[in-house]
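The next block is coords34.txt, given as compact mmCIF, C-alpha atoms.
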```txt
# COMPACT_ATOMS: atom_id res chain seq x y z
CA ARG F 28 54.70 -51.23 27.94
CA ARG F 29 56.04 -54.69 28.74
CA ALA F 30 53.39 -55.26 31.41
CA MET F 31 50.62 -53.88 29.21
CA ALA F 32 51.70 -56.08 26.29
CA ASP F 33 51.46 -59.11 28.58
CA ILE F 34 47.97 -58.12 29.69
CA VAL F 35 46.93 -57.66 26.05
CA ASP F 36 48.17 -61.19 25.30
CA ARG F 37 46.11 -62.55 28.18
CA LEU F 38 42.95 -60.75 27.11
CA GLU F 39 43.36 -62.03 23.54
CA THR F 40 43.18 -65.61 24.83
CA VAL F 41 39.87 -65.07 26.64
CA THR F 42 37.01 -66.02 24.33
CA ARG F 43 34.52 -63.39 25.43
CA ASP F 44 33.87 -59.67 25.08
CA PHE F 45 34.12 -56.95 27.72
CA PRO F 46 31.64 -54.15 26.82
CA GLN F 47 32.45 -52.09 29.95
CA ALA F 48 36.06 -51.91 31.13
CA ALA F 49 38.17 -49.80 33.49
CA PHE F 50 41.97 -49.50 33.32
CA SER F 51 43.90 -48.02 36.24
CA GLY F 52 47.44 -46.75 35.70
CA ALA F 53 47.51 -47.59 31.99
CA GLY F 54 46.85 -44.11 30.63
CA ALA F 55 47.45 -43.85 26.88
CA LEU F 56 48.79 -47.43 26.80
CA THR F 57 45.21 -48.61 26.32
CA ALA F 58 45.92 -47.81 22.66
CA MET F 59 47.80 -51.15 22.65
CA LEU F 60 44.51 -53.06 22.97
CA THR F 61 43.66 -55.09 19.88
CA PRO F 62 40.23 -56.07 18.51
CA ALA F 63 40.96 -59.63 19.71
CA CYS F 64 40.87 -58.35 23.30
CA GLY F 65 37.13 -57.76 22.94
CA VAL F 66 37.26 -54.56 25.00
CA GLY F 67 34.51 -52.01 24.34
CA ARG F 68 34.05 -48.79 26.32
CA VAL F 69 37.14 -47.93 28.41
CA LEU F 70 37.22 -45.81 31.55
CA HIS F 71 40.72 -44.51 32.37
CA LEU F 72 41.55 -44.30 36.08
CA ASP F 73 44.64 -42.91 37.81
CA ALA F 74 45.63 -41.43 41.14
CA SER F 75 47.22 -38.58 39.15
CA ALA F 76 44.85 -36.45 37.10
CA ALA F 77 47.80 -35.19 35.04
CA ARG F 78 48.56 -38.67 33.69
CA ILE F 79 45.10 -39.10 32.22
CA ALA F 80 44.51 -35.52 31.12
CA GLY F 81 43.05 -35.41 27.62
CA LEU F 82 41.94 -39.03 27.60
CA PRO F 83 38.25 -39.75 27.03
CA LEU F 84 36.23 -41.11 29.95
CA ALA F 85 38.86 -40.41 32.59
CA ALA F 86 38.57 -40.12 36.37
CA SER F 87 41.15 -39.54 39.09
CA CYS F 88 40.86 -41.75 42.19
CA GLU F 89 42.82 -44.04 44.46
CA GLU F 90 42.21 -47.78 44.09
CA GLU F 91 41.72 -47.94 47.85
CA ALA F 92 38.91 -45.39 47.54
CA SER F 93 37.36 -46.32 44.22
CA ALA F 94 34.53 -44.31 42.74
CA LEU F 95 33.37 -47.24 40.57
CA ALA F 96 29.75 -48.24 40.83
CA SER F 97 28.97 -51.70 42.15
CA ALA F 98 28.61 -54.44 39.51
CA SER F 99 29.26 -51.99 36.67
CA LEU F 100 32.26 -53.56 34.90
CA ASP F 101 32.89 -56.58 32.71
CA LEU F 102 36.66 -56.07 33.01
CA GLY F 103 38.96 -54.34 35.47
CA VAL F 104 42.71 -53.89 34.87
CA SER F 105 45.31 -52.42 37.23
CA LEU F 106 48.73 -51.71 35.70
CA LEU F 107 51.71 -51.40 38.09
CA THR F 108 49.92 -49.44 40.81
CA LEU F 109 48.68 -51.85 43.48
CA HIS F 110 52.15 -52.53 44.97
CA ALA F 111 51.97 -49.03 46.50
CA SER F 112 48.63 -49.69 48.17
CA ASN F 113 48.42 -49.42 51.97
CA ASP F 114 45.50 -51.87 52.00
CA LEU F 115 45.98 -54.29 49.14
CA VAL F 116 43.14 -56.63 50.09
CA GLY F 117 40.81 -53.63 50.49
CA ALA F 118 41.78 -52.30 47.05
CA LEU F 119 41.24 -55.74 45.49
CA ALA F 120 37.86 -56.01 47.23
CA GLN F 121 36.82 -52.70 45.66
CA TRP F 122 37.70 -54.04 42.22
CA ARG F 123 35.77 -57.20 43.04
CA ALA F 124 32.70 -55.17 44.02
CA ALA F 125 32.87 -53.15 40.79
CA LEU F 126 32.72 -56.27 38.61
CA LYS F 127 29.54 -57.81 37.27
CA PRO F 128 29.09 -61.51 38.08
CA ASP F 129 31.65 -63.48 36.03
CA GLY F 130 33.57 -60.27 35.36
CA LEU F 131 37.36 -60.49 34.93
CA PHE F 132 40.07 -58.68 36.89
CA VAL F 133 43.73 -58.56 35.80
CA ALA F 134 46.52 -56.75 37.65
CA ALA F 135 50.25 -56.32 37.21
CA LEU F 136 52.31 -55.25 40.22
CA PHE F 137 55.88 -55.54 41.43
CA GLY F 138 56.79 -58.63 43.48
CA GLU F 139 59.16 -59.36 46.35
CA GLU F 140 62.50 -59.64 44.50
CA THR F 141 62.06 -56.33 42.67
CA LEU F 142 65.16 -54.09 42.96
CA ARG F 143 66.90 -56.65 45.17
CA GLU F 144 70.39 -55.52 44.14
CA LEU F 145 69.65 -51.81 44.48
CA ARG F 146 67.99 -52.34 47.86
CA GLY F 147 71.06 -54.21 49.05
CA ALA F 148 73.35 -51.45 47.81
CA PHE F 149 71.50 -48.73 49.73
CA TYR F 150 71.40 -50.86 52.87
CA ALA F 151 75.12 -51.60 52.69
CA ALA F 152 76.03 -47.96 51.98
CA GLU F 153 73.99 -46.61 54.88
CA VAL F 154 75.30 -49.21 57.34
CA GLU F 155 78.88 -48.48 56.22
CA LEU F 156 78.62 -44.69 56.53
CA ARG F 157 76.09 -44.33 59.35
CA GLY F 158 76.29 -47.57 61.28
CA GLY F 159 72.61 -48.31 60.65
CA ALA F 160 69.91 -48.18 57.98
CA SER F 161 66.49 -46.55 57.63
CA PRO F 162 63.57 -47.78 55.49
CA ARG F 163 64.24 -46.76 51.88
CA PHE F 164 62.10 -49.17 49.84
CA ALA F 165 58.45 -50.07 50.26
CA PRO F 166 58.02 -53.81 50.88
CA PHE F 167 56.99 -56.04 47.99
CA ALA F 168 54.79 -59.10 48.51
CA SER F 169 55.54 -62.65 47.38
CA VAL F 170 53.62 -64.37 44.59
CA ARG F 171 52.05 -66.73 47.14
CA ASP F 172 50.86 -63.88 49.37
CA LEU F 173 49.46 -61.96 46.41
CA GLY F 174 47.50 -65.01 45.28
CA ALA F 175 46.15 -65.37 48.82
CA ALA F 176 45.13 -61.70 48.76
CA LEU F 177 43.00 -62.38 45.67
CA GLN F 178 41.18 -65.13 47.56
CA ARG F 179 40.68 -62.95 50.63
CA ALA F 180 39.17 -60.25 48.42
CA GLY F 181 36.53 -62.72 47.21
CA PHE F 182 37.75 -63.55 43.70
CA ALA F 183 36.98 -66.92 42.16
CA LEU F 184 39.51 -68.98 40.16
CA PRO F 185 42.49 -66.88 41.35
CA VAL F 186 45.80 -67.22 39.51
CA ALA F 187 49.15 -65.54 40.22
CA ASP F 188 52.31 -65.81 38.11
CA VAL F 189 55.48 -63.77 37.66
CA ASP F 190 57.58 -62.36 34.82
CA GLN F 191 61.16 -61.49 35.71
CA ALA F 192 62.77 -58.57 33.87
CA ILE F 193 66.47 -57.73 34.24
CA VAL F 194 67.64 -54.25 33.25
CA GLN F 195 71.40 -53.85 32.69
CA TYR F 196 72.75 -50.33 33.24
CA LYS F 197 75.89 -48.99 31.57
CA GLU F 198 75.52 -45.94 33.81
CA PRO F 199 74.47 -47.23 37.28
CA ALA F 200 73.15 -43.85 38.46
CA ARG F 201 70.62 -44.01 35.64
CA ALA F 202 68.62 -46.55 37.67
CA LEU F 203 67.71 -43.82 40.18
CA ILE F 204 66.71 -41.46 37.38
CA ASP F 205 64.49 -44.14 35.86
CA LEU F 206 62.76 -44.83 39.19
CA ARG F 207 62.06 -41.13 39.62
CA GLY F 208 60.68 -40.99 36.08
CA MET F 209 58.41 -43.96 36.90
CA GLY F 210 56.99 -42.09 39.90
CA GLU F 211 58.37 -44.86 42.15
CA THR F 212 60.39 -42.75 44.60
CA GLY F 213 59.38 -41.28 47.95
CA LEU F 214 56.51 -43.72 48.56
CA LEU F 215 57.14 -44.27 52.27
CA ALA F 216 55.51 -41.90 54.75
CA ASP F 217 58.26 -42.49 57.33
CA ARG F 218 61.72 -42.75 55.77
CA GLY F 219 63.84 -42.04 58.84
CA ARG F 220 66.91 -39.87 58.43
CA PRO F 221 67.33 -38.13 55.07
CA LEU F 222 69.73 -39.59 52.55
CA THR F 223 72.92 -37.66 51.91
CA ARG F 224 74.77 -37.25 48.62
CA ARG F 225 77.62 -39.28 50.08
CA ILE F 226 75.35 -42.23 50.90
CA ILE F 227 73.69 -42.10 47.48
CA ALA F 228 77.08 -41.97 45.74
CA ARG F 229 78.35 -44.93 47.77
CA ALA F 230 75.17 -46.89 47.07
CA VAL F 231 75.63 -46.31 43.33
CA GLU F 232 79.24 -47.53 43.64
CA ILE F 233 78.13 -50.74 45.39
CA PHE F 234 75.36 -51.21 42.82
CA ALA F 235 77.96 -50.88 40.04
CA GLU F 236 80.28 -53.36 41.77
CA SER F 237 77.46 -55.92 41.93
CA GLY F 238 76.93 -55.70 38.15
CA ALA F 239 74.52 -52.75 37.86
CA GLN F 240 71.55 -54.99 37.14
CA ALA F 241 68.08 -53.96 38.30
CA ARG F 242 65.61 -56.79 38.70
CA PHE F 243 61.87 -56.30 38.36
CA ASP F 244 59.48 -59.12 39.29
CA ILE F 245 56.17 -58.31 37.60
CA VAL F 246 53.45 -60.37 39.24
CA TYR F 247 50.22 -60.90 37.31
CA LEU F 248 47.01 -61.53 39.20
CA THR F 249 43.89 -62.88 37.52
CA GLY F 250 40.55 -63.45 39.19
CA TRP F 251 36.85 -63.60 38.36
CA ALA F 252 33.81 -62.26 40.15
CA PRO F 253 31.94 -65.35 41.37
CA HIS F 254 29.16 -66.75 39.19
CA GLU F 255 27.18 -70.00 39.32
CA SER F 256 28.41 -71.04 35.87
CA GLN F 257 32.04 -71.23 36.98
CA PRO F 258 33.67 -74.64 37.66
CA ARG F 259 33.76 -75.66 41.30
CA ALA F 260 35.92 -78.09 43.22
CA LEU F 261 34.32 -81.37 44.31
CA SER F 262 33.38 -81.77 47.94
CA PRO F 263 35.96 -83.57 50.10
CA GLY F 264 35.28 -87.31 50.20
CA SER F 265 33.29 -87.39 46.95
CA ALA F 266 35.98 -89.16 44.89
CA LYS F 267 34.96 -92.46 43.29
CA ALA F 268 38.47 -93.90 42.99
CA SER F 269 41.37 -94.24 45.40
CA LEU F 270 44.49 -92.21 44.68
CA ALA F 271 46.56 -94.98 46.28
CA ALA F 272 44.99 -97.51 43.89
CA ALA F 273 45.79 -95.30 40.91
CA VAL F 274 49.42 -95.01 41.98
CA ARG F 275 49.65 -98.82 42.28
CA GLY F 276 48.11 -99.21 38.83
CA GLY F 277 44.83 -100.48 40.15
CA MET F 278 42.49 -97.82 38.67
CA PRO F 279 39.07 -99.38 37.98
CA PRO F 280 38.15 -99.77 34.27
CA GLY F 281 36.43 -96.75 32.75
CA LEU F 282 37.95 -94.25 35.18
```
Final structure tokens representation of the file:
Amino acid sequence: RRAMADIVDRLETVTRDFPQAAFSGAGALTAMLTPACGVGRVLHLDASAARIAGLPLAASCEEEASALASASLDLGVSLLTLHASNDLVGALAQWRAALKPDGLFVAALFGEETLRELRGAFYAAEVELRGGASPRFAPFASVRDLGAALQRAGFALPVADVDQAIVQYKEPARALIDLRGMGETGLLADRGRPLTRRIIARAVEIFAESGAQARFDIVYLTGWAPHESQPRALSPGSAKASLAAAVRGGMPPGL
């Protein structure tokens, strides 16, 4: 809900309408859209058919294997799903292909510092009790790398920013229950040796000792399908004034 509320705020500031839109991972949270968002017909997408059951205009598909028609959308939104993609640039490119020229894409996904404390607790517990650690958490990308992925996928005017959320747990084990409820467990195909109850219990102890705070970095990506009306950067060498002159206070009159 926090991520969806942020996306709603962003859409409300865009002074245009989106007659055809697709939301992936949002499910019933599309009810949070306001008239100021300018969103018309909404197609609900999700990798899980159960999560969109009963919603109008719903289709189950992976974002890496999108069933969206080319140049069919004015708006595409992905809510907390793309961090689990095996081919992030490929998934972004599919969204880009589904947008009409000058169409808008907005995504929210978890960034590199997400669950830093919990990741450290599991690593420490497994090293302590086994003498080594296996992969337990899927890697999260940095804001810079995610912004670069937007550019590689062909989006114009790419922007990436981050919202940091800290969740304080009175009962540290509740963090694991919440992750399971979010569908965010068991993502890795190769997890090495199975976890034992002893390792999990020790990890929870270490997590509690560190303050039992779970950090979530929610990265927001915004990009547009290219269109000739969009602003473009000037060609290198086309400047009419010297930056050095401006710094020295010698900017020519009228500039």
>> Measuring between all atoms listed in the file, which one of F:Asp217, F:Glu91, F:Asp244, F:Glu153 shows the shortest distance to Glu140 in chain F?
In response: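 Among the listed residues, the smallest separation from Glu140 in chain F belongs to F:Asp244.
For range 70-83 of chain F, the list of residues within 8 Å, based on only C-alpha atoms and with local chain neighbours fewer than 5 positions off taken out, reads Ala48, Ala49, Phe50, Ser51, Gly52, Ala53, Gly54, Ala55, Cys88, Glu89 and Glu90 of chain F.
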Residues within 8 Å of Phe167 in chain F, please, as an mmCIF file with C-alpha atoms, in the coordinates of the input. Count all atoms listed in the file; anything in the same chain fewer than 4 positions from it doesn't count.
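Printed below is part33.cif as written:
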```cif
data_model
loop_
_atom_site.group_PDB
_atom_site.id
_atom_site.type_symbol
_atom_site.label_atom_id
_atom_site.label_comp_id
_atom_site.auth_asym_id
_atom_site.auth_seq_id
_atom_site.Cartn_x
_atom_site.Cartn_y
_atom_site.Cartn_z
ATOM 1 C CA HIS F 110 52.150 -52.530 44.970
ATOM 2 C CA PHE F 137 55.880 -55.540 41.430
ATOM 3 C CA GLY F 138 56.790 -58.630 43.480
ATOM 4 C CA GLU F 139 59.160 -59.360 46.350
ATOM 5 C CA GLU F 140 62.500 -59.640 44.500
ATOM 6 C CA THR F 141 62.060 -56.330 42.670
#
```
Can you report as JSON the centre and edge lengths in Å, to one decimal, of an axis-aligned box around the listed atoms of range 202-218 of chain F padded with 4 Å on each side?
```
{"center_x": 62.1, "center_y": -43.8, "center_z": 46.6, "size_x": 21.1, "size_y": 13.6, "size_z": 29.5}
```
>> Distance cut-off 9 Å, centre (28.3, -65.5, 40.0) in file coordinates, counting only C-alpha atoms: which residues qualify? Return them as a list in words.
In response: Lys127, Pro128, Asp129, Gly130, Trp251, Ala252, Pro253, His254, Glu255, Ser256 and Gln257 of chain F
> In file coordinates, which residues lie within 10 Å of (70.1, -49.4, 53.5) using all atoms listed in the file, given as a list of chain:residue names?
Replying inline: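 All residues meeting the 10 Å criterion around (70.1, -49.4, 53.5) are F:Leu145, F:Arg146, F:Gly147, F:Ala148, F:Phe149, F:Tyr150, F:Ala151, F:Ala152, F:Glu153, F:Val154, F:Glu155, F:Arg157, F:Gly159, F:Ala160, F:Ser161, F:Pro162, F:Arg163, F:Phe164, F:Leu222, F:Ile226, F:Ala230.
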>> List the spatial neighbours of range 183-195 of chain F as a ChimeraX atom specification - criterion: any atom at most 10 Å away, all atoms listed in the file, same-chain residues fewer than 6 positions off excluded.
In response: /F:29-30,33,123,129,131-138,140-142,169-177,202,238-254,257-259
> Separation of CA of Arg201 in chain F and CA of Ser237 in chain F, in Å?
Replying inline: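 About the pair CA of Arg201 in chain F and CA of Ser237 in chain F: they are 15.1 Å apart.
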>> Can you measure CA of Thr57 in chain F to CA of Met209 in chain F for me? One decimal in Å is fine.
In response: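 According to the coordinates, CA of Thr57 in chain F and CA of Met209 in chain F are separated by 17.5 Å.
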>> Need the shell around Pro46 in chain F: protein/DNA/RNA residues with any atom at most 8 Å away, counting all atoms listed in the file. Skip same-chain ones fewer than 6 positions apart. Format as a ChimeraX atom specification?
In response: /F:65-68,101
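Of note, CA of Leu215 in chain F and CA of Leu115 in chain F are spaced 15.3 Å apart.
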>> When you count only C-alpha atoms, which of these residues is closest to Pro166 in chain F: F:Val69, F:Leu119, F:Leu214, F:Val104?
In response: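 With only C-alpha atoms as the atom set, the closest residue is F:Leu214.
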Just add N, CA, C and O atoms to range 186-205 of chain F and send it as a short mmCIF file (atom, residue, chain, number, x, y, z; two decimals), in the coordinates of the input.
```
data_model
loop_
_atom_site.label_atom_id
_atom_site.label_comp_id
_atom_site.auth_asym_id
_atom_site.auth_seq_id
_atom_site.Cartn_x
_atom_site.Cartn_y
_atom_site.Cartn_z
N VAL F 186 44.54 -66.75 40.07
CA VAL F 186 45.80 -67.22 39.51
C VAL F 186 46.83 -66.12 39.69
O VAL F 186 46.55 -64.94 39.46
N ALA F 187 48.05 -66.49 40.10
CA ALA F 187 49.15 -65.54 40.22
C ALA F 187 50.39 -66.13 39.57
O ALA F 187 50.73 -67.29 39.81
N ASP F 188 51.06 -65.37 38.71
CA ASP F 188 52.31 -65.81 38.11
C ASP F 188 53.23 -64.61 37.97
O ASP F 188 52.81 -63.47 38.16
N VAL F 189 54.49 -64.86 37.64
CA VAL F 189 55.48 -63.77 37.66
C VAL F 189 56.33 -63.78 36.40
O VAL F 189 56.66 -64.83 35.85
N ASP F 190 56.66 -62.58 35.94
CA ASP F 190 57.58 -62.36 34.82
C ASP F 190 58.77 -61.59 35.36
O ASP F 190 58.62 -60.54 35.96
N GLN F 191 59.96 -62.13 35.18
CA GLN F 191 61.16 -61.49 35.71
C GLN F 191 61.86 -60.71 34.60
O GLN F 191 62.19 -61.27 33.55
N ALA F 192 62.07 -59.42 34.83
CA ALA F 192 62.77 -58.57 33.87
C ALA F 192 64.06 -58.07 34.50
O ALA F 192 64.06 -57.58 35.63
N ILE F 193 65.17 -58.20 33.77
CA ILE F 193 66.47 -57.73 34.24
C ILE F 193 66.90 -56.56 33.35
O ILE F 193 66.97 -56.69 32.13
N VAL F 194 67.19 -55.43 33.99
CA VAL F 194 67.64 -54.25 33.25
C VAL F 194 69.12 -54.03 33.55
O VAL F 194 69.50 -53.84 34.72
N GLN F 195 69.96 -54.06 32.53
CA GLN F 195 71.40 -53.85 32.69
C GLN F 195 71.73 -52.38 32.42
O GLN F 195 71.37 -51.83 31.38
N TYR F 196 72.42 -51.75 33.37
CA TYR F 196 72.75 -50.33 33.24
C TYR F 196 74.23 -50.13 32.94
O TYR F 196 75.09 -50.61 33.68
N LYS F 197 74.52 -49.42 31.85
CA LYS F 197 75.89 -48.99 31.57
C LYS F 197 76.28 -47.86 32.51
O LYS F 197 77.44 -47.73 32.90
N GLU F 198 75.31 -47.01 32.85
CA GLU F 198 75.52 -45.94 33.81
C GLU F 198 74.67 -46.24 35.04
O GLU F 198 73.46 -46.01 35.03
N PRO F 199 75.24 -46.77 36.11
CA PRO F 199 74.47 -47.23 37.28
C PRO F 199 73.56 -46.17 37.88
O PRO F 199 72.45 -46.49 38.33
N ALA F 200 73.98 -44.92 37.88
CA ALA F 200 73.15 -43.85 38.46
C ALA F 200 71.86 -43.66 37.69
O ALA F 200 70.89 -43.09 38.22
N ARG F 201 71.82 -44.16 36.47
CA ARG F 201 70.62 -44.01 35.64
C ARG F 201 69.44 -44.77 36.25
O ARG F 201 68.27 -44.40 36.01
N ALA F 202 69.70 -45.79 37.03
CA ALA F 202 68.62 -46.55 37.67
C ALA F 202 67.78 -45.64 38.56
O ALA F 202 66.55 -45.74 38.59
N LEU F 203 68.43 -44.74 39.29
CA LEU F 203 67.71 -43.82 40.18
C LEU F 203 66.89 -42.82 39.37
O LEU F 203 65.76 -42.47 39.74
N ILE F 204 67.44 -42.39 38.25
CA ILE F 204 66.71 -41.46 37.38
C ILE F 204 65.47 -42.13 36.81
O ILE F 204 64.39 -41.54 36.74
N ASP F 205 65.62 -43.40 36.42
CA ASP F 205 64.49 -44.14 35.86
C ASP F 205 63.39 -44.32 36.90
O ASP F 205 62.19 -44.17 36.60
#
```
